[in-house]
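First up is the structure itself, then whatever we jot down about it.
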Amino acid sequence: MQSTKERVVVSVGGSLIVPDGIDTDFLSRFKALVLEKVQRGFTFTIIAGGGKTARKYQEAANAVTPLSRHDVDWIGIHSTRLNAQLLRNIFVGYAHTQVIKNPTIDIEAEEPIIIAAGWQPGCSTDYVAVLMAKNLGARRLVNLSNIDYVYTADPKKNPDAKKIEKINWPEFRKLIPEEWDPGLSSPFDPIAAKEAESLSLEVAIMNGAKLEEFSNYLEGKPFVGTVIS
Ligand code: UTP
């Protein structure tokens with residue numbers, strides 16, 4: 001049966017889940033908001049990033065045995081899967097019981113929440129999020145990270161960087177590197193951006209620490225963040 005509820009894809013940056021240790025305060029607030037929106041008729045597909053777990057394990061392995069890029073990615077993928085299991089358990093009773101590890105497979109889920117994680121080397125969970133949107137026919141993707149906006153340049157390096165509230169895909173793609181690299185610092189990964197453009201997907205980038213902005217965006221109200229479309 002075709003659902004009339006809107007499915008929103010949410011990519012939760014690992015920096016929010018595991019900024020250093022696991023941020024249970026963020027997770028509690030995120031859970032409360034998502035469940036409130038579920039009561040209001042939204043359904044969600046949530047993709048977990050790797051965060052410090054990914055970085056720490058990658059650095060540790062590399063310090064002992066120099067790793068190929070492929071193996072660095074696999075450590076990252078498994079860290080996203082661990083974080084995804086954490087989310088699946090947090091949303092027990094509401095979340096599909098299987099964490100989705102391949103965003104291209106047929107997904108039969110009655111539950112209002114689907115949790116997904118990293119898929120294969122050579123990309124980030126941003127790309128997985130876009131493929132999940134494609135798979136499930138979602139039109140809106142929210143990227144929760146630790147930045148308020150996309151800026152014209154890296155504000156940490158360039159004091160003249162200006163915030164961007166609205167931008168189209170061709171202009172956005174000019175702002176970011178063309179190639180993806182593990183550890184790349186880009187508001188949305190280039191491979192994901194290319195695919196999102198081809199799908200005419202709307203991607204909203206906002207600060208996950210300010211969950212009221214996520215709520216505002218879902219409700220179609222003004223919000224602090226950047227819309228790419
Ligand atoms: P993330 O998506 O968390 O990447 O995946 P990130 O760029 O570190 O993003 P934030 O900081 O969490 O928002 C962690 C790592 O896992 C590997 C990559 O090495 C990535 O850097 N990965 C993840 C893949 O290789 N493929 C995937 O499908 C997902």
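Lettering and numbering for the structure tokens are positional, with chains as A, B, ... in the shown order, residues counted from 1 in each chain, and ligands counted from 1 in the shown order.
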
Selection within 6 Å of ligand 1 by only C-alpha atoms and all ligand atoms, output as an MDAnalysis selection string: chainID A and resid 13:15 49:51 54 72:74 76:77 118:126 128 182:184

Nearby residues (only C-alpha atoms) at most 12 Å from A:Glu36, same-chain spacing under 5 positions excluded, as an mmCIF file with C-alpha atoms, in the first residue's frame:
data_model
loop_
_atom_site.group_PDB
_atom_site.id
_atom_site.type_symbol
_atom_site.label_atom_id
_atom_site.label_comp_id
_atom_site.auth_asym_id
_atom_site.auth_seq_id
_atom_site.Cartn_x
_atom_site.Cartn_y
_atom_site.Cartn_z
ATOM 1 C CA ARG A 29 17.108 15.191 22.210
ATOM 2 C CA PHE A 30 17.248 13.744 18.685
ATOM 3 C CA LYS A 31 15.111 10.775 19.723
ATOM 4 C CA GLY A 41 2.893 11.820 10.415
ATOM 5 C CA PHE A 42 6.500 11.942 9.238
ATOM 6 C CA THR A 43 8.539 8.829 8.525
ATOM 7 C CA PHE A 44 12.327 8.860 8.524
ATOM 8 C CA TYR A 94 9.803 2.293 15.898
ATOM 9 C CA PRO A 112 8.176 4.613 10.592
ATOM 10 C CA SER A 215 11.992 20.915 13.383
ATOM 11 C CA LEU A 218 10.446 19.815 8.533
#

For A:Met206: contacts at 10 Å, only C-alpha atoms, fewer than 3 positions along chain excluded, given as a ChimeraX atom specification: /A:142-150,187,203,209-211,213-214,217,223-227

Those of stretch 59-158 of chain A in DSSP helix (DSSP H, G or I), formatted as a PyMOL selection string: chain A and resi 59-64+69-90+125-136

Strand (DSSP E) call set, DSSP backbone run, stretch 43-181 of chain A, as a ChimeraX atom specification: /A:43-48,113-116,140-145,150-151,163-164,166-167

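Between atom CA of A:Pro170 and atom CA of A:Glu197 the interatomic distance comes to 7.9 Å.
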
Option closest in space to A:Ile115, from A:Ile176, A:Leu86, A:Ile47, A:Arg69 [counting only C-alpha atoms]: A:Ile47

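Using only C-alpha atoms, the nearest neighbour of A:Pro190 within the list A:Ala153, A:Ile167, A:His70, A:Val130 is A:Val130.
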
Between atom CA of A:Arg40 and atom CA of A:Val10, distance in Å (one decimal): 16.7 Å

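If you look at atom CA of A:Arg139 and atom CA of A:Glu212, they are 20.9 Å away from each other.
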
Selection: 7 Å around A:Ala95, only C-alpha atoms, excl. self and same-chain fewer than 4 positions, as an NGL selection string: :A and (88 or 91 or 111-115)

Selected residues written out with N, CA and C atoms, as a short mmCIF file (atom, residue, chain, number, x, y, z; two decimals), in the first residue's frame:
data_model
loop_
_atom_site.label_atom_id
_atom_site.label_comp_id
_atom_site.auth_asym_id
_atom_site.auth_seq_id
_atom_site.Cartn_x
_atom_site.Cartn_y
_atom_site.Cartn_z
N ARG A 88 19.50 2.24 15.97
CA ARG A 88 18.41 1.26 15.85
C ARG A 88 17.89 0.87 17.24
N PHE A 91 15.87 3.64 18.88
CA PHE A 91 14.51 3.76 18.32
C PHE A 91 13.77 2.41 18.33
N GLU A 111 7.77 -0.09 9.44
CA GLU A 111 8.06 0.80 10.57
C GLU A 111 8.27 2.24 10.10
N PRO A 112 8.01 3.21 11.00
CA PRO A 112 8.18 4.61 10.59
C PRO A 112 9.64 5.06 10.47
N ILE A 113 10.56 4.25 11.00
CA ILE A 113 11.97 4.65 10.95
C ILE A 113 12.80 3.51 10.34
N ILE A 114 13.65 3.88 9.41
CA ILE A 114 14.60 2.92 8.83
C ILE A 114 15.99 3.47 9.13
N ILE A 115 16.87 2.62 9.63
CA ILE A 115 18.24 3.06 9.93
C ILE A 115 19.18 2.44 8.89
#
